[in-house]
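Q: One file: structure.cif (mmCIF, C-alpha atoms).
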```cif
data_query
#
loop_
_atom_site.label_atom_id
_atom_site.label_comp_id
_atom_site.auth_asym_id
_atom_site.auth_seq_id
_atom_site.Cartn_x
_atom_site.Cartn_y
_atom_site.Cartn_z
CA MET E 1 0.00 0.00 0.00
CA GLN E 2 1.32 3.43 -0.90
CA ARG E 3 1.36 5.68 2.11
CA SER E 4 0.91 9.21 0.78
CA ALA E 5 -2.31 8.85 -1.24
CA PRO E 6 -4.05 6.58 1.29
CA LEU E 7 -3.08 9.07 4.03
CA ARG E 8 -5.24 11.75 2.49
CA ARG E 9 -7.77 9.45 0.99
CA VAL E 10 -8.52 7.38 4.03
CA ALA E 11 -8.65 10.56 6.11
CA ALA E 12 -11.03 12.55 3.95
CA LEU E 13 -13.28 10.29 2.02
CA ALA E 14 -16.89 11.03 2.55
CA ALA E 15 -19.09 8.04 3.31
CA THR E 16 -21.40 7.19 0.36
CA ALA E 17 -24.72 5.78 0.06
CA LEU E 18 -27.39 8.19 0.95
CA ALA E 19 -27.90 10.91 -1.58
CA LEU E 20 -28.49 14.60 -1.95
CA LEU E 21 -31.61 16.48 -1.38
CA ALA E 22 -31.96 19.29 -3.89
CA ALA E 23 -34.34 22.19 -3.55
CA ALA E 24 -35.06 22.21 -7.25
CA THR E 25 -38.20 23.85 -8.66
CA LEU E 26 -40.09 24.10 -5.40
CA THR E 27 -43.75 25.13 -5.56
CA PRO E 28 -45.27 26.50 -2.33
CA TYR E 29 -48.51 25.05 -1.01
CA SER E 30 -50.73 26.96 1.42
CA ALA E 31 -52.15 24.94 4.26
CA SER E 32 -54.58 27.79 4.91
CA ALA E 33 -55.36 31.30 3.69
CA ALA E 34 -53.73 32.74 6.79
CA GLN E 35 -50.43 31.22 5.72
CA SER E 36 -49.88 33.86 3.05
CA ASP E 37 -51.55 36.69 4.97
CA PRO E 38 -48.89 39.29 5.82
CA ARG E 39 -51.02 40.36 8.77
CA ALA E 40 -50.74 36.96 10.39
CA GLY E 41 -48.62 36.98 13.55
CA ARG E 42 -45.30 35.21 13.76
CA LEU E 43 -45.31 31.73 15.18
CA ASP E 44 -43.37 31.05 18.35
CA GLY E 45 -40.71 28.39 18.95
CA PRO E 46 -42.98 25.96 20.84
CA GLN E 47 -45.49 25.97 17.95
CA LEU E 48 -42.80 25.05 15.45
CA ALA E 49 -41.29 22.45 17.80
CA ALA E 50 -44.71 20.88 18.35
CA ALA E 51 -45.25 20.64 14.59
CA MET E 52 -41.84 18.99 14.15
CA THR E 53 -42.69 16.49 16.89
CA THR E 54 -45.99 15.66 15.22
CA LEU E 55 -44.32 15.13 11.86
CA ASP E 56 -41.46 13.05 13.30
CA SER E 57 -43.97 10.74 14.98
CA SER E 58 -46.21 10.45 11.90
CA GLU E 59 -46.32 7.48 9.53
CA GLN E 60 -43.30 7.16 7.28
CA ILE E 61 -44.03 8.34 3.74
CA PRO E 62 -40.91 7.86 1.57
CA GLY E 63 -39.95 10.93 -0.43
CA THR E 64 -40.67 13.50 2.27
CA ALA E 65 -38.54 15.77 4.42
CA TRP E 66 -39.10 18.65 6.83
CA VAL E 67 -37.21 21.31 8.74
CA SER E 68 -38.08 24.29 10.94
CA ASP E 69 -37.23 27.31 8.78
CA PRO E 70 -36.51 30.54 10.72
CA LYS E 71 -36.72 32.66 7.56
CA SER E 72 -40.27 31.66 6.65
CA ASN E 73 -41.22 31.15 10.32
CA LYS E 74 -42.77 27.80 9.36
CA VAL E 75 -42.01 24.12 9.25
CA VAL E 76 -41.23 23.51 5.58
CA VAL E 77 -42.30 20.07 4.36
CA THR E 78 -40.81 18.93 1.05
CA ALA E 79 -42.27 16.14 -1.08
CA ASP E 80 -40.42 14.58 -4.02
CA PRO E 81 -42.01 13.45 -7.34
CA THR E 82 -42.87 9.99 -5.96
CA VAL E 83 -45.34 11.52 -3.51
CA THR E 84 -48.52 11.46 -5.58
CA GLY E 85 -52.01 9.97 -5.40
CA GLU E 86 -52.61 7.99 -2.23
CA LYS E 87 -49.20 8.93 -0.79
CA LEU E 88 -49.98 12.64 -1.24
CA ASP E 89 -53.39 12.15 0.33
CA ARG E 90 -51.74 10.54 3.36
CA LEU E 91 -49.27 13.42 3.62
CA ASN E 92 -52.04 16.00 3.46
CA THR E 93 -53.89 14.13 6.19
CA VAL E 94 -50.84 14.68 8.41
CA ILE E 95 -50.04 18.30 7.58
CA LYS E 96 -53.47 19.93 7.11
CA PRO E 97 -54.42 19.74 10.82
CA LEU E 98 -51.21 21.69 11.53
CA GLY E 99 -52.66 24.66 9.63
CA ASP E 100 -50.49 27.67 8.85
CA VAL E 101 -47.57 26.30 10.87
CA VAL E 102 -46.65 24.20 7.81
CA GLU E 103 -45.66 25.07 4.25
CA LEU E 104 -45.56 22.28 1.65
CA LYS E 105 -43.07 22.43 -1.22
CA ARG E 106 -42.35 20.06 -4.09
CA THR E 107 -39.00 19.08 -5.58
CA ASP E 108 -38.59 17.63 -9.07
CA THR E 109 -35.89 15.12 -8.08
CA GLU E 110 -36.23 12.07 -5.86
CA PHE E 111 -34.84 11.50 -2.37
CA LYS E 112 -32.73 8.35 -2.42
CA LEU E 113 -29.61 6.63 -1.14
CA PHE E 114 -26.41 6.41 -3.17
CA ILE E 115 -24.08 3.50 -2.41
CA ARG E 116 -21.24 4.20 -4.77
CA GLY E 117 -18.56 6.80 -5.07
CA GLY E 118 -15.34 8.14 -6.53
CA ASP E 119 -12.11 8.21 -4.53
CA ALA E 120 -13.54 6.02 -1.83
CA ILE E 121 -13.62 3.01 0.44
CA TYR E 122 -14.98 -0.28 -0.84
CA GLY E 123 -16.30 -3.58 0.34
CA SER E 124 -13.20 -5.71 0.92
CA ASN E 125 -12.37 -9.22 -0.26
CA ALA E 126 -14.02 -10.41 2.95
CA SER E 127 -17.30 -8.65 2.13
CA SER E 128 -20.11 -10.06 0.02
CA VAL E 129 -21.18 -6.50 -0.85
CA ARG E 130 -19.16 -4.71 -3.53
CA ALA E 131 -20.59 -1.24 -2.89
CA ARG E 132 -18.41 1.84 -2.56
CA CYS E 133 -18.66 4.63 0.03
CA SER E 134 -16.63 7.60 1.26
CA LEU E 135 -14.88 7.96 4.56
CA GLY E 136 -15.82 10.87 6.82
CA PHE E 137 -13.38 11.50 9.68
CA ASN E 138 -10.68 9.52 11.47
CA VAL E 139 -11.25 9.20 15.21
CA LYS E 140 -9.63 7.92 18.38
CA ARG E 141 -11.15 5.87 21.21
CA ALA E 142 -9.70 5.37 24.67
CA GLY E 143 -8.42 1.81 25.04
CA LEU E 144 -9.65 0.78 21.58
CA PRO E 145 -8.16 0.82 18.08
CA ASP E 146 -8.36 4.02 16.05
CA ALA E 147 -11.24 4.09 13.58
CA PHE E 148 -13.08 6.12 10.96
CA LEU E 149 -16.66 7.34 10.76
CA THR E 150 -18.85 6.82 7.73
CA ALA E 151 -22.58 6.70 6.98
CA GLY E 152 -24.78 4.15 8.71
CA HIS E 153 -26.38 3.13 5.45
CA CYS E 154 -22.86 2.12 4.37
CA GLY E 155 -21.96 0.40 7.63
CA ASN E 156 -25.18 -1.63 7.67
CA PRO E 157 -24.50 -3.69 4.50
CA ILE E 158 -20.70 -3.51 4.50
CA LYS E 159 -18.75 -4.60 7.57
CA SER E 160 -15.31 -5.09 6.00
CA TRP E 161 -13.69 -2.16 4.19
CA ALA E 162 -10.80 -1.82 1.72
CA GLU E 163 -9.05 0.91 -0.25
CA THR E 164 -9.78 -0.84 -3.54
CA ASP E 165 -12.79 -2.78 -4.79
CA GLY E 166 -12.47 -6.27 -3.33
CA GLY E 167 -9.03 -5.44 -1.90
CA PRO E 168 -7.58 -6.48 1.46
CA GLU E 169 -9.40 -5.39 4.59
CA ILE E 170 -8.19 -2.16 6.24
CA ALA E 171 -11.04 -1.64 8.72
CA LEU E 172 -13.93 -3.58 10.22
CA VAL E 173 -17.33 -2.41 11.54
CA PRO E 174 -17.76 -3.94 15.03
CA GLY E 175 -20.99 -5.25 16.48
CA ASN E 176 -23.42 -2.38 17.09
CA GLY E 177 -21.08 -0.19 15.05
CA SER E 178 -23.70 1.06 12.60
CA SER E 179 -26.99 2.92 13.09
CA PHE E 180 -29.50 3.48 10.26
CA PRO E 181 -32.32 4.48 9.89
CA GLY E 182 -33.15 6.81 12.77
CA ASN E 183 -29.51 7.90 12.74
CA ASP E 184 -27.02 7.64 9.89
CA TYR E 185 -23.57 6.88 11.25
CA ALA E 186 -21.16 3.95 11.46
CA ILE E 187 -17.66 3.31 12.74
CA ALA E 188 -14.97 1.03 11.30
CA ALA E 189 -11.89 0.11 13.34
CA TYR E 190 -8.38 -0.13 11.93
CA PRO E 191 -6.62 -3.46 12.65
CA ALA E 192 -3.57 -2.21 14.58
CA ILE E 193 -1.59 0.91 15.38
CA GLY E 194 0.43 1.97 12.35
CA ALA E 195 -1.06 -0.68 10.06
CA VAL E 196 -2.99 1.90 8.02
CA PRO E 197 -1.98 5.59 7.91
CA HIS E 198 -4.95 7.69 9.07
CA PRO E 199 -4.15 11.33 9.87
CA SER E 200 -6.89 13.65 11.06
CA GLU E 201 -7.35 15.66 7.87
CA VAL E 202 -9.72 16.13 4.94
CA ASN E 203 -8.84 15.86 1.26
CA LEU E 204 -9.44 19.21 -0.50
CA TYR E 205 -9.03 17.61 -3.94
CA ASN E 206 -6.48 20.21 -5.05
CA GLY E 207 -3.35 18.43 -3.85
CA THR E 208 -3.70 19.75 -0.30
CA THR E 209 -5.51 18.75 2.87
CA GLN E 210 -7.27 20.50 5.75
CA ALA E 211 -6.24 19.45 9.26
CA ILE E 212 -9.18 18.52 11.50
CA THR E 213 -8.48 19.24 15.17
CA GLY E 214 -11.92 18.98 16.78
CA ALA E 215 -15.67 18.66 16.34
CA ARG E 216 -18.68 20.83 17.17
CA ASP E 217 -22.34 21.35 16.29
CA ALA E 218 -23.22 23.23 13.12
CA VAL E 219 -24.52 26.81 13.35
CA LEU E 220 -27.39 28.15 11.25
CA ASN E 221 -26.24 30.28 8.28
CA GLU E 222 -22.53 29.52 8.78
CA SER E 223 -20.25 28.84 5.81
CA VAL E 224 -19.23 25.19 5.43
CA GLN E 225 -17.38 22.86 3.06
CA ARG E 226 -18.07 19.29 2.03
CA SER E 227 -15.46 16.83 0.75
CA GLY E 228 -16.83 13.91 -1.22
CA SER E 229 -15.46 11.02 -3.20
CA THR E 230 -17.43 11.78 -6.36
CA THR E 231 -17.46 15.56 -6.73
CA GLY E 232 -14.53 16.60 -4.51
CA LEU E 233 -14.75 19.83 -2.53
CA HIS E 234 -17.83 22.08 -2.53
CA SER E 235 -18.92 24.98 -0.34
CA GLY E 236 -22.18 26.49 0.89
CA THR E 237 -24.09 27.41 4.03
CA VAL E 238 -26.12 25.71 6.75
CA THR E 239 -29.79 26.39 5.95
CA GLY E 240 -31.51 24.35 8.67
CA LEU E 241 -30.97 22.31 11.83
CA ASN E 242 -32.80 19.30 13.28
CA ALA E 243 -34.19 18.33 9.86
CA SER E 244 -35.90 15.01 9.12
CA VAL E 245 -35.87 12.97 5.89
CA THR E 246 -37.87 9.85 5.06
CA TYR E 247 -36.11 7.64 2.50
CA LYS E 248 -37.47 4.40 1.11
CA GLU E 249 -35.22 2.69 3.64
CA GLY E 250 -36.60 4.65 6.61
CA ARG E 251 -36.64 8.00 8.43
CA VAL E 252 -33.56 9.84 9.71
CA THR E 253 -34.00 12.74 12.16
CA GLY E 254 -31.88 15.46 13.75
CA LEU E 255 -29.98 16.30 10.54
CA ILE E 256 -28.08 19.38 9.37
CA GLN E 257 -29.54 20.89 6.18
CA THR E 258 -27.29 22.76 3.71
CA ASN E 259 -27.30 24.15 0.18
CA VAL E 260 -24.00 22.39 -0.57
CA CYS E 261 -24.37 20.18 -3.63
CA ALA E 262 -23.50 16.48 -3.66
CA GLU E 263 -23.86 13.45 -5.91
CA PRO E 264 -23.82 9.66 -5.66
CA GLY E 265 -20.70 8.60 -3.80
CA ASP E 266 -20.38 11.79 -1.74
CA SER E 267 -22.78 10.47 0.88
CA GLY E 268 -21.27 10.05 4.34
CA GLY E 269 -18.48 12.46 3.45
CA ALA E 270 -16.94 15.12 5.62
CA LEU E 271 -18.84 18.34 6.34
CA PHE E 272 -16.52 20.78 8.07
CA ALA E 273 -15.77 24.43 8.84
CA GLY E 274 -12.05 25.17 8.99
CA THR E 275 -10.47 22.74 11.43
CA GLN E 276 -13.79 21.62 12.92
CA ALA E 277 -15.71 18.48 11.91
CA LEU E 278 -19.48 19.07 11.64
CA GLY E 279 -21.21 16.17 9.93
CA LEU E 280 -21.37 13.10 7.69
CA THR E 281 -23.23 13.32 4.38
CA SER E 282 -26.56 11.55 4.72
CA GLY E 283 -28.64 12.18 1.62
CA GLY E 284 -30.90 14.36 -0.46
CA ASN E 285 -31.34 15.12 -4.16
CA GLY E 286 -29.92 17.32 -6.90
CA ASN E 287 -26.40 17.47 -8.30
CA CYS E 288 -23.37 19.71 -8.60
CA SER E 289 -24.37 20.98 -12.05
CA THR E 290 -27.73 22.46 -11.08
CA GLY E 291 -27.31 22.60 -7.30
CA GLY E 292 -29.21 20.92 -4.52
CA THR E 293 -29.91 20.47 -0.85
CA THR E 294 -27.95 17.96 1.23
CA PHE E 295 -28.52 16.62 4.73
CA TYR E 296 -25.81 15.59 7.20
CA GLN E 297 -25.66 13.44 10.30
CA PRO E 298 -24.18 15.63 13.08
CA VAL E 299 -20.73 14.25 13.84
CA THR E 300 -21.00 15.09 17.56
CA GLU E 301 -23.81 12.56 17.91
CA ALA E 302 -21.74 9.86 16.23
CA LEU E 303 -18.72 10.63 18.41
CA SER E 304 -20.84 10.41 21.55
CA ALA E 305 -22.42 7.12 20.46
CA PHE E 306 -19.02 5.47 19.98
CA GLY E 307 -17.05 7.21 22.76
CA ALA E 308 -14.74 8.67 20.12
CA THR E 309 -12.85 11.94 19.72
CA ILE E 310 -11.27 14.00 16.94
CA PRO E 311 -8.34 13.78 16.51
#
```
Could you render the structure from this file as structure tokens?
A:
Amino acid sequence: MQRSAPLRRVAALAATALALLAAATLTPYSASAAQSDPRAGRLDGPQLAAAMTTLDSSEQIPGTAWVSDPKSNKVVVTADPTVTGEKLDRLNTVIKPLGDVVELKRTDTEFKLFIRGGDAIYGSNASSVRARCSLGFNVKRAGLPDAFLTAGHCGNPIKSWAETDGGPEIALVPGNGSSFPGNDYAIAAYPAIGAVPHPSEVNLYNGTTQAITGARDAVLNESVQRSGSTTGLHSGTVTGLNASVTYKEGRVTGLIQTNVCAEPGDSGGALFAGTQALGLTSGGNGNCSTGGTTFYQPVTEALSAFGATIP
């Protein structure tokens, strides 16, 4: 194994499988006449929180997502093109009782998972699954081998990881080392100290890397960057917190929402701001030609779940 390329690659790859959620061609829907009335009073935090709780506990309708939007002062529910007919009727049954707390929008691309990638990690020769994902961040654990974080929808089907498709194992997902749906994070442990180079840095895809020295929660409207194995480095801002998305495979809650584009293979990748790790790419829709919306699993939750730290 060469040591220089894997150093950056293994440290920065962004875990793939879940896909991007683009805000393409959204058409507003009024839950009531008061929703568009400029005289209507602003909603308070508890009203929005109560609506989010109701939605998060509702039946799972694949192709839907929602987030509390401080700009519109509403909970914005987004439905993709698969939500039609009976599925749309079921969604309306959930959101109409919420009245003008909710705004429904449509996107012209589908919410889905993407288990493939570019410069990535693969199912090893010990894995029956030959999918490809991206690595998020390298982490340390007291008294346990070093490891890396990736997406849970990658760690569920693939337990043994390699640097090449079907290559020798470099890391292994332990028992209870993957959580999806609900959450979207997984951990894979390296075999021994020094066996696989794994510095705490992110590949910037321009021949350089960004050192990662810690982790924190994302902040609304802050500038962020995302490194992914398919499309490399892209930038944008945090547009929402505590978002929920329902994929065909299940619902994931508590996500970071951004306007950073992504494509198949970027999922699970590193979301960061300077030296601070923020999240792991979860999913969405859109692409890096026309733009999109992407959701991320907060990295602090994954670190807490596995008793891990960065670096």
Q: Ranking E:Thr290, E:Thr164, E:Thr64, E:Thr107 by minimum distance to E:Arg130 and counting all atoms listed in the file, which one comes first?
A: E:Thr164
Q: Run the PyMOL selection byres ((chain E and resi 233-249) around 7) mentally over the shown coordinates, then write out the matched residues as an mmCIF file with C-alpha atoms, in the frame of the given file, using the chain letters and numbers from the document.
A:
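Output (out35.cif):
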```cif
data_model
loop_
_atom_site.group_PDB
_atom_site.id
_atom_site.type_symbol
_atom_site.label_atom_id
_atom_site.label_comp_id
_atom_site.auth_asym_id
_atom_site.auth_seq_id
_atom_site.Cartn_x
_atom_site.Cartn_y
_atom_site.Cartn_z
ATOM 1 C CA GLN E 60 -43.300 7.160 7.280
ATOM 2 C CA ILE E 61 -44.030 8.340 3.740
ATOM 3 C CA PRO E 62 -40.910 7.860 1.570
ATOM 4 C CA GLY E 63 -39.950 10.930 -0.430
ATOM 5 C CA THR E 64 -40.670 13.500 2.270
ATOM 6 C CA ALA E 65 -38.540 15.770 4.420
ATOM 7 C CA TRP E 66 -39.100 18.650 6.830
ATOM 8 C CA VAL E 67 -37.210 21.310 8.740
ATOM 9 C CA SER E 68 -38.080 24.290 10.940
ATOM 10 C CA ASP E 69 -37.230 27.310 8.780
ATOM 11 C CA PHE E 111 -34.840 11.500 -2.370
ATOM 12 C CA LYS E 112 -32.730 8.350 -2.420
ATOM 13 C CA LEU E 204 -9.440 19.210 -0.500
ATOM 14 C CA TYR E 205 -9.030 17.610 -3.940
ATOM 15 C CA VAL E 219 -24.520 26.810 13.350
ATOM 16 C CA LEU E 220 -27.390 28.150 11.250
ATOM 17 C CA ASN E 221 -26.240 30.280 8.280
ATOM 18 C CA GLU E 222 -22.530 29.520 8.780
ATOM 19 C CA SER E 223 -20.250 28.840 5.810
ATOM 20 C CA VAL E 224 -19.230 25.190 5.430
ATOM 21 C CA GLN E 225 -17.380 22.860 3.060
ATOM 22 C CA ARG E 226 -18.070 19.290 2.030
ATOM 23 C CA SER E 227 -15.460 16.830 0.750
ATOM 24 C CA GLY E 228 -16.830 13.910 -1.220
ATOM 25 C CA THR E 231 -17.460 15.560 -6.730
ATOM 26 C CA GLY E 232 -14.530 16.600 -4.510
ATOM 27 C CA GLY E 250 -36.600 4.650 6.610
ATOM 28 C CA ARG E 251 -36.640 8.000 8.430
ATOM 29 C CA VAL E 252 -33.560 9.840 9.710
ATOM 30 C CA THR E 253 -34.000 12.740 12.160
ATOM 31 C CA GLY E 254 -31.880 15.460 13.750
ATOM 32 C CA LEU E 255 -29.980 16.300 10.540
ATOM 33 C CA ILE E 256 -28.080 19.380 9.370
ATOM 34 C CA GLN E 257 -29.540 20.890 6.180
ATOM 35 C CA THR E 258 -27.290 22.760 3.710
ATOM 36 C CA ASN E 259 -27.300 24.150 0.180
ATOM 37 C CA VAL E 260 -24.000 22.390 -0.570
ATOM 38 C CA CYS E 261 -24.370 20.180 -3.630
#
```
Q: Do a neighbour search on E:Glu59 at 9 Å with all atoms listed in the file, toss out local chain neighbours closer than 2 positions, and write the hits as a ChimeraX atom specification.
A: /E:55-57,61,90-91,94
Q: So the first atom is atom CA of E:Ile95 and the second is atom CA of E:Asp184; what is the distance between them in Å, to one decimal place?
A: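 Rounded to one decimal, the two atoms are 25.5 Å apart.
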Q: Between atom CA of E:Phe306 and atom CA of E:Gly214, what is the distance in Å, rounded to a tenth?
A: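 These two atoms are separated by 15.6 Å.
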Q: Just how far from atom CA of E:Pro168 is atom CA of E:Asn125, in Å to one decimal?
A: 5.8 Å
Q: Using all atoms of stretch 200-204 of chain E that appear in the file, construct an axis-aligned enclosing box with 5 Å of padding on every side and provide its centre coordinates and edge lengths in Å, rounded to one decimal, as AutoDock Vina command-line options.
A:
```
--center_x -8.3 --center_y 16.4 --center_z 5.3 --size_x 12.8 --size_y 15.6 --size_z 21.6
```
Q: List, as a ChimeraX atom specification, every residue that the PyMOL selection byres ((chain E and resi 136-145) around 8) selects in the file provided.
A: /E:11-15,134-135,146-151,189-193,198-202,268-270,277,280,306-311
Q: Take the residues that were just selected and, keeping C-alpha atoms, output them as an mmCIF file, keeping the file's coordinate frame.
A:
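Saved the output as result32.cif:
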```cif
data_model
loop_
_atom_site.group_PDB
_atom_site.id
_atom_site.type_symbol
_atom_site.label_atom_id
_atom_site.label_comp_id
_atom_site.auth_asym_id
_atom_site.auth_seq_id
_atom_site.Cartn_x
_atom_site.Cartn_y
_atom_site.Cartn_z
ATOM 1 C CA ALA E 11 -8.650 10.560 6.110
ATOM 2 C CA ALA E 12 -11.030 12.550 3.950
ATOM 3 C CA LEU E 13 -13.280 10.290 2.020
ATOM 4 C CA ALA E 14 -16.890 11.030 2.550
ATOM 5 C CA ALA E 15 -19.090 8.040 3.310
ATOM 6 C CA SER E 134 -16.630 7.600 1.260
ATOM 7 C CA LEU E 135 -14.880 7.960 4.560
ATOM 8 C CA ASP E 146 -8.360 4.020 16.050
ATOM 9 C CA ALA E 147 -11.240 4.090 13.580
ATOM 10 C CA PHE E 148 -13.080 6.120 10.960
ATOM 11 C CA LEU E 149 -16.660 7.340 10.760
ATOM 12 C CA THR E 150 -18.850 6.820 7.730
ATOM 13 C CA ALA E 151 -22.580 6.700 6.980
ATOM 14 C CA ALA E 189 -11.890 0.110 13.340
ATOM 15 C CA TYR E 190 -8.380 -0.130 11.930
ATOM 16 C CA PRO E 191 -6.620 -3.460 12.650
ATOM 17 C CA ALA E 192 -3.570 -2.210 14.580
ATOM 18 C CA ILE E 193 -1.590 0.910 15.380
ATOM 19 C CA HIS E 198 -4.950 7.690 9.070
ATOM 20 C CA PRO E 199 -4.150 11.330 9.870
ATOM 21 C CA SER E 200 -6.890 13.650 11.060
ATOM 22 C CA GLU E 201 -7.350 15.660 7.870
ATOM 23 C CA VAL E 202 -9.720 16.130 4.940
ATOM 24 C CA GLY E 268 -21.270 10.050 4.340
ATOM 25 C CA GLY E 269 -18.480 12.460 3.450
ATOM 26 C CA ALA E 270 -16.940 15.120 5.620
ATOM 27 C CA ALA E 277 -15.710 18.480 11.910
ATOM 28 C CA LEU E 280 -21.370 13.100 7.690
ATOM 29 C CA PHE E 306 -19.020 5.470 19.980
ATOM 30 C CA GLY E 307 -17.050 7.210 22.760
ATOM 31 C CA ALA E 308 -14.740 8.670 20.120
ATOM 32 C CA THR E 309 -12.850 11.940 19.720
ATOM 33 C CA ILE E 310 -11.270 14.000 16.940
ATOM 34 C CA PRO E 311 -8.340 13.780 16.510
#
```
Q: Counting all atoms listed in the file, figure out which residue out of E:Cys288, E:Leu98, E:Ala79, E:Ala215 gets nearest to E:Asp266.
A: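 Of the candidates, the smallest distance to E:Asp266 is held by E:Cys288.
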Q: Can you list what the PyMOL selection byres ((chain E and resi 160) around 12) grabs from this structure, as a count of residues only?
A: 40
Q: Of the residues E:His153, E:Ala195, E:Gly265, E:Thr275, which is the one nearest to E:Gln210, using only C-alpha atoms?
A: E:Thr275
Q: Give the answer as one residue: which of E:Ala120, E:Val196, E:Leu303, E:Leu88 has the shortest atom-to-atom distance to E:Pro264, using all atoms listed in the file?
A: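 Residue with the minimum atom-to-atom distance to E:Pro264: E:Ala120.
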Q: Name the closest residue to E:Asn73 among the candidates E:Asn92, E:Asp217, E:Asp100, E:Glu86; distances are taken between atoms, counting all atoms listed in the file.
A: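 Of the candidates, the smallest distance to E:Asn73 is held by E:Asp100.
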Q: Smallest atom-to-atom distance to E:Thr209: which of E:Gly274, E:Arg106, E:Pro70, E:Asp89, using all atoms listed in the file?
A: E:Gly274
Q: Would you mind writing stretch 51-65 of chain E with N, CA and C atoms, as a short mmCIF file (atom, residue, chain, number, x, y, z; two decimals), in the frame of the given file?
A:
```cif
data_model
loop_
_atom_site.label_atom_id
_atom_site.label_comp_id
_atom_site.auth_asym_id
_atom_site.auth_seq_id
_atom_site.Cartn_x
_atom_site.Cartn_y
_atom_site.Cartn_z
N ALA E 51 -44.99 21.14 15.94
CA ALA E 51 -45.25 20.64 14.59
C ALA E 51 -44.19 19.64 14.17
N MET E 52 -42.91 19.93 14.48
CA MET E 52 -41.84 18.99 14.15
C MET E 52 -42.04 17.66 14.87
N THR E 53 -42.45 17.71 16.12
CA THR E 53 -42.69 16.49 16.89
C THR E 53 -43.81 15.67 16.27
N THR E 54 -44.87 16.36 15.87
CA THR E 54 -45.99 15.66 15.22
C THR E 54 -45.55 14.99 13.94
N LEU E 55 -44.79 15.70 13.12
CA LEU E 55 -44.32 15.13 11.86
C LEU E 55 -43.36 13.97 12.09
N ASP E 56 -42.43 14.11 13.04
CA ASP E 56 -41.46 13.05 13.30
C ASP E 56 -42.12 11.78 13.81
N SER E 57 -43.28 11.92 14.45
CA SER E 57 -43.97 10.74 14.98
C SER E 57 -45.05 10.23 14.02
N SER E 58 -45.19 10.86 12.86
CA SER E 58 -46.21 10.45 11.90
C SER E 58 -45.76 9.21 11.13
N GLU E 59 -46.69 8.64 10.35
CA GLU E 59 -46.32 7.48 9.53
C GLU E 59 -45.22 7.87 8.54
N GLN E 60 -44.41 6.89 8.18
CA GLN E 60 -43.30 7.16 7.28
C GLN E 60 -43.77 7.11 5.82
N ILE E 61 -43.67 8.24 5.15
CA ILE E 61 -44.03 8.34 3.74
C ILE E 61 -42.75 8.63 2.97
N PRO E 62 -42.16 7.64 2.31
CA PRO E 62 -40.91 7.86 1.57
C PRO E 62 -41.03 9.01 0.59
N GLY E 63 -39.95 9.80 0.48
CA GLY E 63 -39.95 10.93 -0.43
C GLY E 63 -40.33 12.24 0.23
N THR E 64 -40.32 12.27 1.56
CA THR E 64 -40.67 13.50 2.27
C THR E 64 -39.56 13.92 3.21
N ALA E 65 -39.52 15.22 3.49
CA ALA E 65 -38.54 15.77 4.42
C ALA E 65 -39.13 17.03 5.03
#
```
